[in-house]
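Asker: Mind having a look at this structure? Questions to follow.
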Amino acid sequence: MFDLFSDAAKVAQQMEIISSEYGFALWETLYSLALEVLFAYVIGLPLGVLLVTGEKEGVRPLPKWLMAVLNGIVNLLRSVPFLILMIIALPLSKVIVGTKVGTAATIPPMVIAAFPLVARMVESSLREVDQGVVEAAQSMGASAFQVVTKVLLPEAMPSLISGGTITVATILGYGAMAGIIGGGKVSVLIPEPLIALCRDPGSQGLENLDQDNEADDCRPHDDELKVIVAVVDGHLAQAAAADDTGHSAVA
């Protein structure tokens, strides 16, 4: 382990870096969190409503194949670990925000990881609504849109708010891994002095490192990327197997 905390001068240097960058890192955290939660709900809320209303016994049944596709997308994205999903989504970040590095580049992967969670939470909240209330609204001639906006969502509001707090906490947790692509947030601010020491060949307390490979120790190797690809393939295979099992059970 690096000897970074026994020297008072090094500790003071680290604290200076943290204190000087904290304000900007807090701002980056707040604005990126707001955008991530907003877009996650823009996608996840309608999707969660469709997962409930589109069922065979729902207020607006959808084709069986479409429901299978929607559930498959949600299950697949939820099964992939966020760190791997973030790396996979880097090309999308390049297309949307024009870069693969920085706080802005973390927003698309965060949204992709968060909206399936939002969809499942919304689905779970809507299923808690008493079906008698829904049937009463339908018996009075309410349309599917009116049932959703005037019955399901208002009745499920306490549960939806509770799910929203979980979503915010989850996205904040995802932000702790944003430093791998240079996301500058409060959660990745503390390790920055350690990263700086790792990148500085003249830093003290790095005696245990191989001096010939110091630069390589700060970035992933080809073997690590192969492991990531292997894990992704494994998750895709598991999702496909689960989907096949579900179809077999239905048949």
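By convention in this document, the chains of the structure tokens carry letters A, B, ... by their order, each chain's residues are numbered from 1, and ligands are numbered from 1 in the order they are shown.
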Can you pull out the residues contacting A:Phe82? Cut-off 9 Å, using only C-alpha atoms, and skip same-chain residues under 4 positions away; I want them as a PyMOL selection string.
Answerer: chain A and resi 78+86-87+109-110+113+174+177
Asker: Calculate how many Å separate atom CA of A:Glu28 from atom CA of A:Thr103, rounding to one decimal.
Answerer: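 Answer for the atom CA of A:Glu28 to atom CA of A:Thr103 separation: 7.1 Å.
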Asker: Name the residues in contact with A:Ser143 at a cut-off of 12 Å, using only C-alpha atoms, excluding same-chain residues fewer than 5 positions from it; report them as JSON, numbers by chain.
Answerer: {"A": [53, 59, 60, 134, 135, 136, 137, 138, 148, 149, 150, 151]}
Asker: Could the residues in this selection be written to a file with N, CA and C atoms, as an mmCIF file, in the first residue's frame?
Answerer:
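Below is the file result_37.cif, written as the result:
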data_model
loop_
_atom_site.group_PDB
_atom_site.id
_atom_site.type_symbol
_atom_site.label_atom_id
_atom_site.label_comp_id
_atom_site.auth_asym_id
_atom_site.auth_seq_id
_atom_site.Cartn_x
_atom_site.Cartn_y
_atom_site.Cartn_z
ATOM 1 N N THR A 53 -49.786 -1.266 -18.011
ATOM 2 C CA THR A 53 -51.017 -1.105 -18.792
ATOM 3 C C THR A 53 -51.024 -1.977 -20.041
ATOM 4 N N VAL A 59 -55.113 -2.002 -18.836
ATOM 5 C CA VAL A 59 -56.110 -1.065 -19.363
ATOM 6 C C VAL A 59 -55.899 -0.794 -20.848
ATOM 7 N N ARG A 60 -54.700 -1.063 -21.342
ATOM 8 C CA ARG A 60 -54.410 -0.866 -22.775
ATOM 9 C C ARG A 60 -53.475 -1.975 -23.228
ATOM 10 N N VAL A 134 -59.329 1.086 -10.271
ATOM 11 C CA VAL A 134 -59.155 1.133 -11.721
ATOM 12 C C VAL A 134 -60.430 0.686 -12.426
ATOM 13 N N GLU A 135 -61.011 -0.400 -11.949
ATOM 14 C CA GLU A 135 -62.247 -0.904 -12.562
ATOM 15 C C GLU A 135 -63.391 0.090 -12.402
ATOM 16 N N ALA A 136 -63.432 0.794 -11.272
ATOM 17 C CA ALA A 136 -64.473 1.798 -11.075
ATOM 18 C C ALA A 136 -64.321 2.939 -12.073
ATOM 19 N N ALA A 137 -63.086 3.356 -12.311
ATOM 20 C CA ALA A 137 -62.851 4.420 -13.289
ATOM 21 C C ALA A 137 -63.227 3.970 -14.693
ATOM 22 N N GLN A 138 -62.893 2.735 -15.046
ATOM 23 C CA GLN A 138 -63.248 2.223 -16.368
ATOM 24 C C GLN A 138 -64.759 2.103 -16.532
ATOM 25 N N VAL A 148 -54.610 6.269 -16.323
ATOM 26 C CA VAL A 148 -53.204 6.394 -15.930
ATOM 27 C C VAL A 148 -52.954 7.711 -15.209
ATOM 28 N N THR A 149 -53.418 8.817 -15.770
ATOM 29 C CA THR A 149 -53.082 10.136 -15.239
ATOM 30 C C THR A 149 -53.918 10.536 -14.024
ATOM 31 N N LYS A 150 -55.153 10.028 -13.925
ATOM 32 C CA LYS A 150 -56.046 10.460 -12.845
ATOM 33 C C LYS A 150 -56.279 9.402 -11.776
ATOM 34 N N VAL A 151 -55.835 8.170 -12.041
ATOM 35 C CA VAL A 151 -56.055 7.101 -11.065
ATOM 36 C C VAL A 151 -54.737 6.450 -10.664
#
Asker: Please identify all polymer residues within 10 Å of A:Leu152, counting only C-alpha atoms, omitting same-chain residues fewer than 3 positions from it, and present them as a list in words.
Answerer: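 Residues meeting the cut-off are Val49, Thr53, Ser125, Leu126, Arg127, Glu128, Val129, Asp130, Gln131, Val133, Val134, Phe145, Gln146, Val147, Val148, Thr149, Glu155, Ala156 and Met157 of chain A.
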Asker: Create the file for the chosen residues now, containing all heavy atoms and written as a CSV table (one decimal), in the first residue's frame.
Answerer:
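The resulting again34.csv:
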chain,number,residue,atom,x,y,z
A,49,VAL,N,-45.0,2.6,-17.0
A,49,VAL,CA,-46.5,2.6,-17.2
A,49,VAL,C,-46.9,1.6,-18.3
A,49,VAL,O,-47.9,0.8,-18.1
A,49,VAL,CB,-47.0,4.0,-17.6
A,49,VAL,CG1,-48.4,4.0,-18.0
A,49,VAL,CG2,-46.7,5.0,-16.5
A,53,THR,N,-49.8,-1.3,-18.0
A,53,THR,CA,-51.0,-1.1,-18.8
A,53,THR,C,-51.0,-2.0,-20.0
A,53,THR,O,-52.1,-2.3,-20.6
A,53,THR,CB,-51.2,0.4,-19.2
A,53,THR,OG1,-50.1,0.8,-20.0
A,53,THR,CG2,-51.3,1.3,-18.0
A,125,SER,N,-44.7,0.2,-8.3
A,125,SER,CA,-45.6,1.1,-7.6
A,125,SER,C,-47.0,1.1,-8.2
A,125,SER,O,-48.0,1.1,-7.4
A,125,SER,CB,-45.1,2.5,-7.7
A,125,SER,OG,-43.8,2.7,-7.1
A,126,LEU,N,-47.2,1.0,-9.5
A,126,LEU,CA,-48.5,0.9,-10.1
A,126,LEU,C,-49.2,-0.4,-9.8
A,126,LEU,O,-50.4,-0.4,-9.7
A,126,LEU,CB,-48.4,1.1,-11.6
A,126,LEU,CG,-47.8,2.5,-12.1
A,126,LEU,CD1,-47.8,2.6,-13.6
A,126,LEU,CD2,-48.6,3.6,-11.5
A,127,ARG,N,-48.5,-1.4,-9.6
A,127,ARG,CA,-49.1,-2.7,-9.3
A,127,ARG,C,-49.7,-2.7,-7.9
A,127,ARG,O,-50.5,-3.6,-7.6
A,127,ARG,CB,-48.1,-3.9,-9.4
A,127,ARG,CG,-47.7,-4.1,-10.9
A,127,ARG,CD,-46.9,-5.4,-11.0
A,127,ARG,NE,-46.3,-5.5,-12.3
A,127,ARG,CZ,-47.0,-6.0,-13.4
A,127,ARG,NH1,-48.3,-6.3,-13.2
A,127,ARG,NH2,-46.5,-6.1,-14.6
A,128,GLU,N,-49.3,-1.8,-7.0
A,128,GLU,CA,-49.8,-1.7,-5.7
A,128,GLU,C,-51.1,-1.0,-5.6
A,128,GLU,O,-51.8,-1.1,-4.6
A,128,GLU,CB,-48.8,-1.0,-4.8
A,128,GLU,CG,-47.5,-1.7,-4.6
A,128,GLU,CD,-46.5,-0.9,-3.8
A,128,GLU,OE1,-46.9,0.3,-3.4
A,128,GLU,OE2,-45.3,-1.3,-3.6
A,129,VAL,N,-51.5,-0.4,-6.7
A,129,VAL,CA,-52.8,0.3,-6.7
A,129,VAL,C,-54.0,-0.7,-6.7
A,129,VAL,O,-53.9,-1.7,-7.5
A,129,VAL,CB,-52.9,1.2,-8.0
A,129,VAL,CG1,-54.3,1.9,-8.0
A,129,VAL,CG2,-51.8,2.3,-7.9
A,130,ASP,N,-55.0,-0.4,-5.9
A,130,ASP,CA,-56.1,-1.3,-5.8
A,130,ASP,C,-56.8,-1.4,-7.2
A,130,ASP,O,-57.2,-0.4,-7.8
A,130,ASP,CB,-57.1,-0.8,-4.8
A,130,ASP,CG,-58.3,-1.7,-4.5
A,130,ASP,OD1,-58.3,-2.8,-5.1
A,130,ASP,OD2,-59.1,-1.3,-3.7
A,131,GLN,N,-57.0,-2.6,-7.7
A,131,GLN,CA,-57.6,-2.8,-9.0
A,131,GLN,C,-59.1,-2.4,-9.0
A,131,GLN,O,-59.7,-2.1,-10.0
A,131,GLN,CB,-57.5,-4.2,-9.5
A,131,GLN,CG,-56.1,-4.6,-9.9
A,131,GLN,CD,-55.5,-3.8,-11.0
A,131,GLN,OE1,-56.2,-3.6,-12.0
A,131,GLN,NE2,-54.4,-3.2,-10.8
A,133,VAL,N,-60.3,0.3,-7.8
A,133,VAL,CA,-60.3,1.7,-8.2
A,133,VAL,C,-60.2,1.9,-9.7
A,133,VAL,O,-60.9,2.7,-10.3
A,133,VAL,CB,-59.2,2.5,-7.5
A,133,VAL,CG1,-59.2,4.0,-7.8
A,133,VAL,CG2,-59.3,2.4,-5.9
A,134,VAL,N,-59.3,1.1,-10.3
A,134,VAL,CA,-59.2,1.1,-11.7
A,134,VAL,C,-60.4,0.7,-12.4
A,134,VAL,O,-60.9,1.3,-13.4
A,134,VAL,CB,-58.0,0.3,-12.2
A,134,VAL,CG1,-57.8,0.2,-13.7
A,134,VAL,CG2,-56.7,0.8,-11.5
A,145,PHE,N,-55.8,6.7,-21.0
A,145,PHE,CA,-55.0,7.9,-20.6
A,145,PHE,C,-55.5,8.5,-19.3
A,145,PHE,O,-54.7,8.8,-18.4
A,145,PHE,CB,-55.0,8.9,-21.7
A,145,PHE,CG,-54.1,10.1,-21.4
A,145,PHE,CD1,-52.8,10.0,-21.5
A,145,PHE,CD2,-54.7,11.3,-21.0
A,145,PHE,CE1,-52.0,11.2,-21.2
A,145,PHE,CE2,-53.9,12.4,-20.7
A,145,PHE,CZ,-52.6,12.3,-20.8
A,146,GLN,N,-56.8,8.6,-19.2
A,146,GLN,CA,-57.4,9.1,-17.9
A,146,GLN,C,-57.2,8.2,-16.8
A,146,GLN,O,-56.9,8.7,-15.6
A,146,GLN,CB,-58.9,9.4,-18.1
A,146,GLN,CG,-59.2,10.6,-19.1
A,146,GLN,CD,-60.7,10.7,-19.4
A,146,GLN,OE1,-61.4,9.7,-19.5
A,146,GLN,NE2,-61.1,11.9,-19.6
A,147,VAL,N,-57.2,6.9,-17.0
A,147,VAL,CA,-57.0,5.9,-15.9
A,147,VAL,C,-55.6,6.1,-15.4
A,147,VAL,O,-55.3,6.1,-14.2
A,147,VAL,CB,-57.2,4.5,-16.4
A,147,VAL,CG1,-56.7,3.5,-15.4
A,147,VAL,CG2,-58.7,4.3,-16.6
A,148,VAL,N,-54.6,6.3,-16.3
A,148,VAL,CA,-53.2,6.4,-15.9
A,148,VAL,C,-53.0,7.7,-15.2
A,148,VAL,O,-52.3,7.7,-14.1
A,148,VAL,CB,-52.3,6.3,-17.2
A,148,VAL,CG1,-50.8,6.6,-16.8
A,148,VAL,CG2,-52.4,4.9,-17.7
A,149,THR,N,-53.4,8.8,-15.8
A,149,THR,CA,-53.1,10.1,-15.2
A,149,THR,C,-53.9,10.5,-14.0
A,149,THR,O,-53.5,11.3,-13.2
A,149,THR,CB,-53.2,11.2,-16.3
A,149,THR,OG1,-54.6,11.2,-16.8
A,149,THR,CG2,-52.3,11.0,-17.5
A,155,GLU,N,-52.7,7.6,-7.3
A,155,GLU,CA,-52.8,6.6,-6.2
A,155,GLU,C,-51.4,6.1,-5.8
A,155,GLU,O,-51.2,5.7,-4.6
A,155,GLU,CB,-53.7,5.5,-6.6
A,155,GLU,CG,-55.2,5.9,-6.7
A,155,GLU,CD,-55.8,6.1,-5.4
A,155,GLU,OE1,-55.4,5.5,-4.4
A,155,GLU,OE2,-56.7,7.0,-5.3
A,156,ALA,N,-50.5,6.0,-6.8
A,156,ALA,CA,-49.2,5.4,-6.5
A,156,ALA,C,-48.2,6.4,-6.1
A,156,ALA,O,-47.0,6.1,-6.0
A,156,ALA,CB,-48.7,4.6,-7.8
A,157,MET,N,-48.6,7.7,-6.0
A,157,MET,CA,-47.6,8.8,-5.8
A,157,MET,C,-46.7,8.6,-4.6
A,157,MET,O,-45.5,8.8,-4.7
A,157,MET,CB,-48.3,10.1,-5.6
A,157,MET,CG,-47.4,11.3,-5.7
A,157,MET,SD,-46.4,11.4,-7.2
A,157,MET,CE,-47.7,11.6,-8.4
Asker: For a quick check of understanding, using only C-alpha atoms, which of A:Ile73, A:Ile161, A:Ala176, A:Ala105 has the smallest distance to A:Leu47?
Answerer: A:Ile73
